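Have a look at the structure below, then the notes.
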Amino acid sequence: MLERLPEWEQLLHDYVADLEGAAFRWGELDCALFAAGAVLAQTGVDLAAAYRGHYSTARGSVRALRRFGDGTLEATIDAALPRIEPAFARRGDLVMVDGMAGVSIGPRALFVGDVDGAPGWVRLERSAWSIAWKVG
């Protein structure tokens with residue numbers, strides 16, 4: 001099981017702050033790599049090491065999940081982290097909405113993805129989260 005580093009809150013804050021306003025890019029800054037980066041910042045463990053550099057399109061991300069993961073983003077995260085009820089997710093835990101992975105930042109979660117045809121940064125309320133995973 002992953003353990004959060006003692007200074008995980010500052011590390012998570014710094015990770016998100018460094019990326020604020022960055023553009024969505026498949027294979028560089030998409031929802032999966034953003035969420036994995038949040039885990040890396042908090043724990044020092046890169047859950048997406050096998051995927052990085054292996055795709056640059058939406059179709060490529062699907063192929064990478066089939067080749068290096070457990071078939072889907074949800075199944076791949078399930079294999080790495082324990083599920084919890086979204087109501088119990090705390091800051092730093094991963095969450096999912098409509099197949100898009102993000103990180104809880106309190107009562108909202110932050111996502112980098114394509115929403116309503118526009119890629120970018122999105123904050124969604126806890127009531128929208130369908131799945132959550134415990135980090136550390």
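Convention: chains lettered A, B, ... in structure tokens order; per-chain residue numbering from 1; ligands numbered from 1 as shown.
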Report as CSV: every residue of stretch 9-91 of chain A with an atom at most 9 Å from stretch 110-133 of chain A, its closest pair of atoms, and their distance in Å to one decimal, counting only C-alpha atoms, with rows sorted by chain and ascending residue number.
```
residue,atom,partner,partner_atom,distance
A:Val16,CA,A:Leu110,CA,9.0
A:Glu20,CA,A:Trp121,CA,8.1
A:Gly21,CA,A:Trp121,CA,7.3
A:Ala22,CA,A:Gly120,CA,8.1
A:Ala23,CA,A:Gly120,CA,6.3
A:Phe24,CA,A:Gly120,CA,5.5
A:Arg25,CA,A:Pro119,CA,8.5
A:Leu29,CA,A:Val112,CA,7.3
A:Asp30,CA,A:Val112,CA,5.8
A:Cys31,CA,A:Val112,CA,4.9
A:Ala32,CA,A:Val112,CA,8.6
A:Phe34,CA,A:Val112,CA,6.8
A:Ala35,CA,A:Phe111,CA,8.0
A:Glu74,CA,A:Ile131,CA,8.8
A:Ile77,CA,A:Trp133,CA,7.9
A:Asp78,CA,A:Trp133,CA,7.7
A:Leu81,CA,A:Trp133,CA,5.9
A:Pro82,CA,A:Trp133,CA,5.5
A:Arg83,CA,A:Trp133,CA,4.3
A:Ile84,CA,A:Trp133,CA,5.4
A:Glu85,CA,A:Ala132,CA,6.0
A:Pro86,CA,A:Ala132,CA,4.9
A:Ala87,CA,A:Arg126,CA,7.4
A:Phe88,CA,A:Ala132,CA,8.3
A:Ala89,CA,A:Ala132,CA,6.3
```
Q. Quick one: DSSP strand (DSSP E or B) residues in chain A, as a count of residues only?
A. 32
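Shortest atom-to-atom contact with A:Gly60 among A:Thr76, A:Ala41, A:Ala101, A:Trp26: A:Trp26, counting only C-alpha atoms.
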Q) A:Ala48: which residues within 9 Å, counting only C-alpha atoms, same-chain residues fewer than 6 positions away excluded, as a VMD selection string? A) chain A and resid 32 to 33 36 to 37 40
Generate the output file for the selected residues, N, CA, C and O atoms, as a PDB file, in the first residue's frame.
```pdb
ATOM      1  N   ALA A  32      -5.456  11.283 -16.885  1.00  0.00           N
ATOM      2  CA  ALA A  32      -4.763  10.155 -16.267  1.00  0.00           C
ATOM      3  C   ALA A  32      -3.387  10.562 -15.730  1.00  0.00           C
ATOM      4  O   ALA A  32      -3.016  10.216 -14.610  1.00  0.00           O
ATOM      5  N   LEU A  33      -2.642  11.310 -16.541  1.00  0.00           N
ATOM      6  CA  LEU A  33      -1.305  11.706 -16.109  1.00  0.00           C
ATOM      7  C   LEU A  33      -1.354  12.778 -15.029  1.00  0.00           C
ATOM      8  O   LEU A  33      -0.490  12.818 -14.151  1.00  0.00           O
ATOM      9  N   ALA A  36      -2.130  10.742 -11.879  1.00  0.00           N
ATOM     10  CA  ALA A  36      -0.938   9.988 -11.494  1.00  0.00           C
ATOM     11  C   ALA A  36       0.134  10.928 -10.945  1.00  0.00           C
ATOM     12  O   ALA A  36       0.853  10.575 -10.008  1.00  0.00           O
ATOM     13  N   GLY A  37       0.232  12.116 -11.500  1.00  0.00           N
ATOM     14  CA  GLY A  37       1.184  13.099 -11.002  1.00  0.00           C
ATOM     15  C   GLY A  37       0.864  13.536  -9.584  1.00  0.00           C
ATOM     16  O   GLY A  37       1.767  13.784  -8.782  1.00  0.00           O
ATOM     17  N   LEU A  40       2.095  10.785  -7.433  1.00  0.00           N
ATOM     18  CA  LEU A  40       3.556  10.878  -7.379  1.00  0.00           C
ATOM     19  C   LEU A  40       4.003  11.985  -6.422  1.00  0.00           C
ATOM     20  O   LEU A  40       4.897  11.772  -5.602  1.00  0.00           O
TER      21      LEU A  40
END
```
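With only C-alpha atoms as the atoms that count, the minimum distance from A:His13 to the choices A:Gly136, A:Ser104, A:Met96, A:Leu47 is reached by A:Ser104.
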Q: Give the answer as one residue: which of A:Arg108, A:Leu5, A:Gly99, A:Gly44 has the shortest atom-to-atom distance to A:Ala75, using only C-alpha atoms?
A: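 When distances to A:Ala75 are compared using only C-alpha atoms, the smallest one comes from A:Gly99.
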Q | Option closest in space to A:Val45, from A:Leu12, A:Leu73, A:Leu2, A:Leu65 [counting only C-alpha atoms] | A | A:Leu2
(Q) When DSSP is applied to the backbone of this structure, which of chain A are assigned helix (DSSP H, G or I)? Write them out as a ChimeraX atom specification. (A) /A:8-19,31-43,58-68,73-80,86-88,126-128
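Note that the spacing between atom CA of A:Ala64 and atom CA of A:Arg90 amounts to 28.9 Å.
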Q.
Between A:Gly69, A:Gly92, A:Gly53, A:Pro6, which residue has the minimum interatomic distance to A:Gly27, considering only C-alpha atoms?
A.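 Of the candidates, the smallest distance to A:Gly27 is held by A:Gly53.
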Q) To one decimal place, how far is atom CA of A:Val97 from atom CA of A:Arg4 in Å? A)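 Going from atom CA of A:Val97 over to atom CA of A:Arg4, I get 23.7 Å.
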